[in-house]
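Notes follow once the structure below has been shown.
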Amino acid sequence: MILSALLIFALPLMAVPAIAAESVGSLPAVDGLSSSGFKQDMLIFDRHGTLIDDIGDHGDHRIVVPLKSMSPYIRQATIAIEDKTFYKNNGIDFGGIARAAIADYTHHHIAQGGSTISQQLVKQVFIGPNPPPTIQRKIREAALAVDLNGRYSKDQILEMYLNTIYYGSQSYGIEAAARAFYHTTSHDLTLGQAAMLAGLPQAPTQNSPLINPTQAKVRQLDVLNAMVAQKMITPAQALTAENEKLQAFYPSNPLQAPHFVDYVLQVLKQQFHISPSDRKGYRVYTTLDLNLQNLAETVVRNQINSHGNYYDFHDGALVAMDPRTGQVLAMVGGADYYRPGGQINMATTTTRQPGSSFKMFTYTAAIESGRLNMISPIRDQPMVFPVWGGNLGDKPYAPLNYDKRYHGTVPLKIAMGNSLNIPALKVELSIGIPAVLDMARRMGVTSLNNTDSNYGPSLTLGGYGVSPLDMATGASTLATLGLRHRPAPILHIQDGLGNTKFNYDPAHNEFRAVSQQVSFIIDSIMSDDRNRCMEFGCGGDLTLPGRHVAAKTGTTQDFRDNWTVGFTPTLATAVWVGNSDWHPLAHNSTGIVGAAPIWHQFMTQALAQQPDQWYGVPAGLDQVGGNFFLPGTESLPPTLAGPWPTCRFRSYNPNTITDAQLYVNGLPCILGYMPRGVRAGTSG
């Protein structure tokens with residue numbers, strides 16, 4: 001009876017594929033197989049090649065690597081325990097089949113394996129991981145295995161097997177298993193690790209070092225003994241491997257810089273039409289510097305932990321860019337990605353108002369207009385607008401400076417450095433809101449995309465939402481003397497076949513947004529600490545000891561948003577702190593006490609190994625003392641030093657007043673008196 005069972009099972013295989021194919025019907029074609037064609041994870045790396053995310057399929061992972069990149073130990077261990085005649089057989093091991101057939105007959109069902117590596121591969125690829133235990137299925141496997149060996153080399157078959165077989169812990173393929181169990185790669189597996197992993201495919205749960213460490217150790221010893229028996233290793237090597245102290249890890253998500261990864265995935269989808277669900281094994285090498293990222297996360301977290309309770313801010317964001325290329329070096333999108341609502345990326349959201357940090361666009365537009373220079377006198381005076389074109393509606397509005405005082409006539413550079421609101425409004429209204437909008441858009445702000453008529457005078461006070469990413473881009477544009485690069489988070493993309501899909505070229509991402517001369521003038525204003533001493537004190541967190549640096553703070557009038565933006569020629573950084581639920585900060589906290597310490601600490605440490613750098617004076621500028629001028633702008637009329645035009649009515653009804661009545665000499669007029677119920681607002 002045993003002989004009969006053996007013949008029933010084995011005879012069809014001896015005539016493979018003709019008789020076997022006739023016995024089981026049509027078989028799938030085995031041509032066109034390739035390890036790199038298997039569905040696999042998307043891997044995302046930082047700029048130095050450190051893995052920051054492995055995105056699998058609902059927790060399942062497969063990372064394809066070539067056979068030559070795998071440790072010789074895993075190849076030898078797999079052959080020793082799974083298919084010792086692998087390099088000799090044609091896909092079927094008749095000795096193994098005989099042993100399995102006898103055992104199956106004894107137990108009256110399929111009780112023992114006998115499958116070769118080739119059979120296991122076709123089972124995994126063509127039949128499925130849990131097929132019915134029938135003799136017909138074994139014949140199909142055998143027929144396909146023989147066909148497989150007729151079309152592929154043994155190394156190709158072994159490579160496909162090692163990249164597709166299931167090892168447990170949601171790991172398909174040896175690379176995913178090495179990373180999951182031992183936090184290493186298949187290339188660096190030790191003999192002990194390789195023997196342990198090679199013993200898993202037979203029974204991934206039963207032999208798991210995590211679930212059943214005793215049985216796993218027994219199985220590892222079986223593998224080592226098989227390797228010794230086949231003279232792959234010496235008994236001494238086996239003993240050393242047996243005694244090797246192995247630490248197996250439970251499955252974990254290696255995700256680092258989570259908000260940045262979300263941003264990268266968004267860019268991949270929008271720009272390249274690539275998604276992790278494609279399962280094409282894309283390798284995405286990003287611009288992120290993980291060292292700077294860890295620094296940024298630490299500095300943001302420490303500031304919130306140290307001062308967040310007092311000032312009542314509990315969230316923060318930071319974006320750091322290389323202004324020379326647009327490459328995003330660090331991105332903190334929030335204080336805690338895993339808290340409720342923490343997945344919102346505050347570094348890219350365009351809902352928060354930048355306060356006075358936006359004034360860098362206003363003053364850049366003003367210098368470019370040729371109507372003002374860095375020492376143009378501006379009168380800081382009380383102003384009451386009868387109708388406010390911002391989000392305060394049609395009620396009278398009296399803008400105030402942060403300190404709620406007036407400072408007489410000040411030069412433009414002092415007005416900008418000290419974030420004086422009334423001079424900034426005068427500058428904006430004199431050059432026109434469309435000019436400010438145009439400048440902000442050119443320099444990198446993407447959120448101000450409504451028609452110009454939708455924006456009112458509060459634009460220069462930072463009354464409309466922008467993102468820290470856009471503010472960092474604007475700062476980067478000034479840092480390159482006017483050459484804008486859109487944010488670039490990706491350096492290189494490869495698919496699972498090793499084909500290059502994208503290489504970043506900064507030259508294809510350049511736009512001359514502002515002239516070198518205009519940019520240099522603004523850079524000079526923003527980098528001169530003397531220009532801000534009146535309001536912010538000298539030598540504070542907006543300076544870096546021994547280094548030239550430009551910086552600007554911003555605080556919204558209701559203290560809901562708190563900013564600092566600044567740059568050197570090699571690094572531009574924007575920082576925001578606040579609360580994701582929009583509640584205001586306490587104790588009148590401004591950018592100088594909230595965001596500035598984060599900016600200062602990050603910039604100081606990030607630049608610690610770099611020499612001080614600044615700009616030479618570009619050609620085409622006139623210099624008088626420490627001031628710089630566009631040619632012909634040294635002696636401009638002091639148009640903003642005098643009184644602002646007063647409306648020609650004593651009282652008015654906002655429901656009946658005409659637009660013509662609200663303007664005098666082309667400028668929005670102010671009231672000559674203080675009406676009741678006037679709204680006042682500040683921004684710093």
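Lettering and numbering for the structure tokens are positional, with chains as A, B, ... in the shown order, residues counted from 1 in each chain, and ligands counted from 1 in the shown order.
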When you look at range 362-369 of chain A with a cut-off of 7 Å (counting only C-alpha atoms), what residues show up, excluding the ones that are within fewer than 2 positions of it in the same chain? I need them as a PyMOL selection string. chain A and resi 359-360+371-373+427-428+431+435-436+439+460+518+522
I need the residues from that last selection saved to file as a compact mmCIF listing (two decimals), in the first residue's frame (with N, CA and C atoms), if you can.
```
# COMPACT_ATOMS: atom_id res chain seq x y z
N LYS A 359 5.90 91.78 6.94
CA LYS A 359 6.36 93.10 6.50
C LYS A 359 7.62 93.04 5.65
N MET A 360 8.33 91.90 5.69
CA MET A 360 9.51 91.81 4.82
C MET A 360 9.11 91.87 3.35
N ARG A 371 10.23 104.41 -4.92
CA ARG A 371 9.59 105.58 -4.32
C ARG A 371 10.03 105.80 -2.88
N LEU A 372 10.69 104.80 -2.31
CA LEU A 372 11.18 104.90 -0.94
C LEU A 372 12.57 104.27 -0.88
N ASN A 373 13.37 104.73 0.07
CA ASN A 373 14.67 104.10 0.30
C ASN A 373 14.78 103.72 1.77
N VAL A 427 3.33 102.73 4.17
CA VAL A 427 4.13 102.24 3.05
C VAL A 427 3.28 101.40 2.12
N GLU A 428 2.52 100.49 2.69
CA GLU A 428 1.68 99.61 1.88
C GLU A 428 0.68 100.40 1.04
N ILE A 431 2.36 102.46 -1.90
CA ILE A 431 2.81 101.73 -3.09
C ILE A 431 1.70 100.87 -3.68
N ALA A 435 0.92 95.72 -5.27
CA ALA A 435 2.38 95.61 -5.35
C ALA A 435 2.91 94.70 -4.24
N VAL A 436 2.33 94.79 -3.06
CA VAL A 436 2.75 93.93 -1.95
C VAL A 436 2.38 92.48 -2.24
N MET A 439 4.73 91.00 -4.78
CA MET A 439 6.03 90.69 -4.22
C MET A 439 5.98 89.41 -3.40
N THR A 460 -0.41 93.91 5.19
CA THR A 460 0.96 94.18 5.66
C THR A 460 1.14 93.86 7.13
N VAL A 518 17.91 95.13 -4.67
CA VAL A 518 16.80 95.31 -3.73
C VAL A 518 16.94 94.33 -2.57
N ILE A 522 17.26 95.08 1.68
CA ILE A 522 16.40 94.49 2.72
C ILE A 522 17.23 93.62 3.67
```
Find the residues near Ala178 in chain A: any atom within 8 Å, counting only C-alpha atoms, skip ones fewer than 6 places away on the same chain, and give them as a list in words. Thr184, Thr185, Ser186, Leu189 and Leu197 of chain A
Put those residues in a file: N, CA and C atoms, as a short mmCIF file (atom, residue, chain, number, x, y, z; two decimals), in the first residue's frame.
```
data_model
loop_
_atom_site.label_atom_id
_atom_site.label_comp_id
_atom_site.auth_asym_id
_atom_site.auth_seq_id
_atom_site.Cartn_x
_atom_site.Cartn_y
_atom_site.Cartn_z
N THR A 184 18.48 45.03 11.34
CA THR A 184 19.68 45.02 10.51
C THR A 184 19.22 44.81 9.06
N THR A 185 20.15 44.52 8.19
CA THR A 185 19.81 44.25 6.79
C THR A 185 20.20 42.82 6.45
N SER A 186 19.68 42.30 5.35
CA SER A 186 20.02 40.94 4.93
C SER A 186 21.51 40.84 4.61
N LEU A 189 23.48 40.17 8.14
CA LEU A 189 23.06 39.11 9.05
C LEU A 189 24.25 38.28 9.52
N LEU A 197 16.50 32.91 11.17
CA LEU A 197 15.52 33.33 10.17
C LEU A 197 15.24 32.24 9.14
#
```
Counting only C-alpha atoms, what is within 10 Å of range 668-671 of chain A, bar same-chain residues fewer than 6 positions away, as a list of chain:residue names?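 Near neighbours after the sequence-gap exclusion: A:Pro382, A:Met383, A:Val384, A:Phe385, A:Pro386, A:Val387, A:Trp388, A:Pro396, A:Tyr397, A:Ala398, A:Lys426, A:Leu429, A:Ser430, A:Pro457, A:Trp644, A:Pro645, A:Thr646, A:Cys647, A:Arg648, A:Phe649, A:Arg650, A:Ser651, A:Asp659, A:Ala660, A:Gln661, A:Leu662.
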Would you give me, as a list in words, the residues in range 374-520 of chain A that DSSP reads as strand (DSSP E or B)?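 After running DSSP on the backbone, range 374-520 of chain A has strand (DSSP E or B) at Pro377, Ile378, Arg379, Asp380, Phe385, Tyr397, Ala398, Pro399, Gly408, Thr409, Val410, Pro411, Val466, Leu483, Arg484, Ala488, Ile490, Leu491, His492, Ile493, Gln494, Thr500, Lys501, Phe502, Asn503, Phe511 and Arg512 of chain A.
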Can you write out the residues you just picked, keeping C-alpha atoms, as a compact mmCIF listing (two decimals), in the first residue's frame?
```
# COMPACT_ATOMS: atom_id res chain seq x y z
CA PRO A 377 11.27 109.38 6.77
CA ILE A 378 7.85 108.05 7.81
CA ARG A 379 5.65 109.80 10.30
CA ASP A 380 4.31 107.50 13.01
CA PHE A 385 -9.72 104.83 9.07
CA TYR A 397 -10.34 101.27 12.84
CA ALA A 398 -7.36 102.81 14.63
CA PRO A 399 -4.18 100.78 14.11
CA GLY A 408 7.22 110.64 15.53
CA THR A 409 9.12 110.58 12.28
CA VAL A 410 11.43 107.56 11.86
CA PRO A 411 13.49 106.29 8.91
CA VAL A 466 0.27 81.71 5.17
CA LEU A 483 16.70 84.06 -6.56
CA ARG A 484 13.67 81.99 -5.52
CA ALA A 488 12.16 70.85 -2.77
CA ILE A 490 13.00 65.11 -2.83
CA LEU A 491 16.49 64.51 -4.21
CA HIS A 492 16.13 61.22 -6.06
CA ILE A 493 13.50 58.57 -6.84
CA GLN A 494 14.10 54.99 -7.97
CA THR A 500 15.80 56.40 -11.89
CA LYS A 501 12.48 58.24 -12.06
CA PHE A 502 13.67 61.65 -10.86
CA ASN A 503 16.83 63.56 -10.00
CA PHE A 511 13.24 82.13 -10.59
CA ARG A 512 14.59 85.66 -10.37
```
What is the distance, in Å and to one decimal place, between CA of His273 in chain A and CA of Asp41 in chain A?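 If I compute the distance from CA of His273 in chain A to CA of Asp41 in chain A, I get 16.4 Å.
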Distance query Asp60 in chain A at most 10 Å, only C-alpha atoms, self and fewer than 5 positions along chain excluded, as a VMD selection string: chain A and resid 40 to 41 55 168 to 172 176
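Residues in contact range of Phe536 in chain A, defined as at most 12 Å between only C-alpha atoms, with sequence neighbours fewer than 5 positions away removed, read A:Tyr402, A:Asp403, A:Ile414, A:Gly417, A:Asn418, A:Ser419, A:Leu420, A:Asp529, A:Arg530, A:Asn531, A:Asp541, A:Leu542, A:Thr543, A:Ala551, A:Lys552, A:Thr553, A:Gly554, A:Thr590, A:Gly591, A:Ile592, A:Val593, A:Ala596, A:Gly684.
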Can you tell me which residues surround Gly463 in chain A at a distance of at most 9 Å, considering only C-alpha atoms, apart from same-chain residues fewer than 6 positions away, and format the answer as number ranges by chain? A: 352-355, 358, 390-391, 456-457, 556-557
Selected residues written out, N, CA and C atoms, as a PDB file, in the first residue's frame:
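Just written: out16.pdb:
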```
ATOM      1  N   ARG A 352      -2.649  80.081   9.309  1.00  0.00           N
ATOM      2  CA  ARG A 352      -2.192  80.928  10.409  1.00  0.00           C
ATOM      3  C   ARG A 352      -1.627  82.246   9.882  1.00  0.00           C
ATOM      4  N   GLN A 353      -1.910  83.320  10.626  1.00  0.00           N
ATOM      5  CA  GLN A 353      -1.505  84.660  10.201  1.00  0.00           C
ATOM      6  C   GLN A 353      -0.071  84.949  10.640  1.00  0.00           C
ATOM      7  N   PRO A 354       0.742  85.555   9.768  1.00  0.00           N
ATOM      8  CA  PRO A 354       2.160  85.751  10.071  1.00  0.00           C
ATOM      9  C   PRO A 354       2.491  87.006  10.857  1.00  0.00           C
ATOM     10  N   GLY A 355       1.512  87.848  11.123  1.00  0.00           N
ATOM     11  CA  GLY A 355       1.817  89.071  11.850  1.00  0.00           C
ATOM     12  C   GLY A 355       2.852  89.908  11.117  1.00  0.00           C
ATOM     13  N   PHE A 358       5.364  89.340   7.972  1.00  0.00           N
ATOM     14  CA  PHE A 358       4.969  89.567   6.581  1.00  0.00           C
ATOM     15  C   PHE A 358       5.514  90.887   6.048  1.00  0.00           C
ATOM     16  N   GLY A 390     -10.163  95.315   6.067  1.00  0.00           N
ATOM     17  CA  GLY A 390      -9.717  93.982   6.456  1.00  0.00           C
ATOM     18  C   GLY A 390     -10.848  93.172   7.038  1.00  0.00           C
ATOM     19  N   ASN A 391     -10.487  92.244   7.941  1.00  0.00           N
ATOM     20  CA  ASN A 391     -11.503  91.354   8.487  1.00  0.00           C
ATOM     21  C   ASN A 391     -12.219  91.951   9.698  1.00  0.00           C
ATOM     22  N   GLY A 456      -7.284  93.517   1.971  1.00  0.00           N
ATOM     23  CA  GLY A 456      -7.337  94.875   2.478  1.00  0.00           C
ATOM     24  C   GLY A 456      -6.033  95.300   3.118  1.00  0.00           C
ATOM     25  N   PRO A 457      -6.037  96.478   3.772  1.00  0.00           N
ATOM     26  CA  PRO A 457      -4.818  97.025   4.366  1.00  0.00           C
ATOM     27  C   PRO A 457      -4.182  96.125   5.422  1.00  0.00           C
ATOM     28  N   THR A 556       0.401  88.151  15.836  1.00  0.00           N
ATOM     29  CA  THR A 556      -0.906  88.666  15.438  1.00  0.00           C
ATOM     30  C   THR A 556      -1.503  89.485  16.572  1.00  0.00           C
ATOM     31  N   GLN A 557      -2.442  90.376  16.220  1.00  0.00           N
ATOM     32  CA  GLN A 557      -2.942  91.325  17.204  1.00  0.00           C
ATOM     33  C   GLN A 557      -3.705  90.646  18.336  1.00  0.00           C
TER      34      GLN A 557
END
```
Could you pull out all residues of range 590-634 of chain A with a DSSP call of alpha helix (DSSP H) and give them as JSON, numbers by chain? {"A": [595, 596, 597, 598, 599, 600, 601, 602, 603, 604, 605, 606]}
Saved selection, atoms kept: C-alpha atoms, as a short mmCIF file (atom, residue, chain, number, x, y, z; two decimals), in the first residue's frame:
```cif
data_model
loop_
_atom_site.label_atom_id
_atom_site.label_comp_id
_atom_site.auth_asym_id
_atom_site.auth_seq_id
_atom_site.Cartn_x
_atom_site.Cartn_y
_atom_site.Cartn_z
CA ALA A 595 9.32 81.68 18.52
CA ALA A 596 12.60 83.60 18.67
CA PRO A 597 14.28 81.37 21.31
CA ILE A 598 13.52 78.31 19.15
CA TRP A 599 14.87 80.04 16.05
CA HIS A 600 17.97 81.24 17.89
CA GLN A 601 18.85 77.86 19.39
CA PHE A 602 18.27 75.98 16.14
CA MET A 603 20.24 78.41 14.00
CA THR A 604 23.11 78.59 16.50
CA GLN A 605 23.57 74.82 16.65
CA ALA A 606 22.82 74.14 12.99
#
```
Selection: 12 Å around Gln256 in chain A, only C-alpha atoms, excl. self and same-chain fewer than 6 positions, as JSON, numbers by chain: {"A": [44, 45, 46, 50, 51, 52, 53, 54, 55, 262, 288, 289, 290, 291, 293, 294, 297, 330, 331, 332, 337]}
Looking at only C-alpha atoms, which of A:Gly49, A:Gly496, A:Pro201, A:Gly342 is the one that sits closest to Pro258 in chain A?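 The answer is A:Gly342, which sits nearest to Pro258 in chain A.
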Expressed in Å to a single decimal, how great is the separation between CA of Arg62 in chain A and CA of Gln215 in chain A?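 Pair CA of Arg62 in chain A / CA of Gln215 in chain A returns 25.3 Å.
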Using only C-alpha atoms, pick whichever of A:Thr573, A:Asn309, A:Thr633, A:Ser357 has the shortest atom-to-atom distance to Ile375 in chain A.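 Smallest separation from Ile375 in chain A among the options: A:Thr633.
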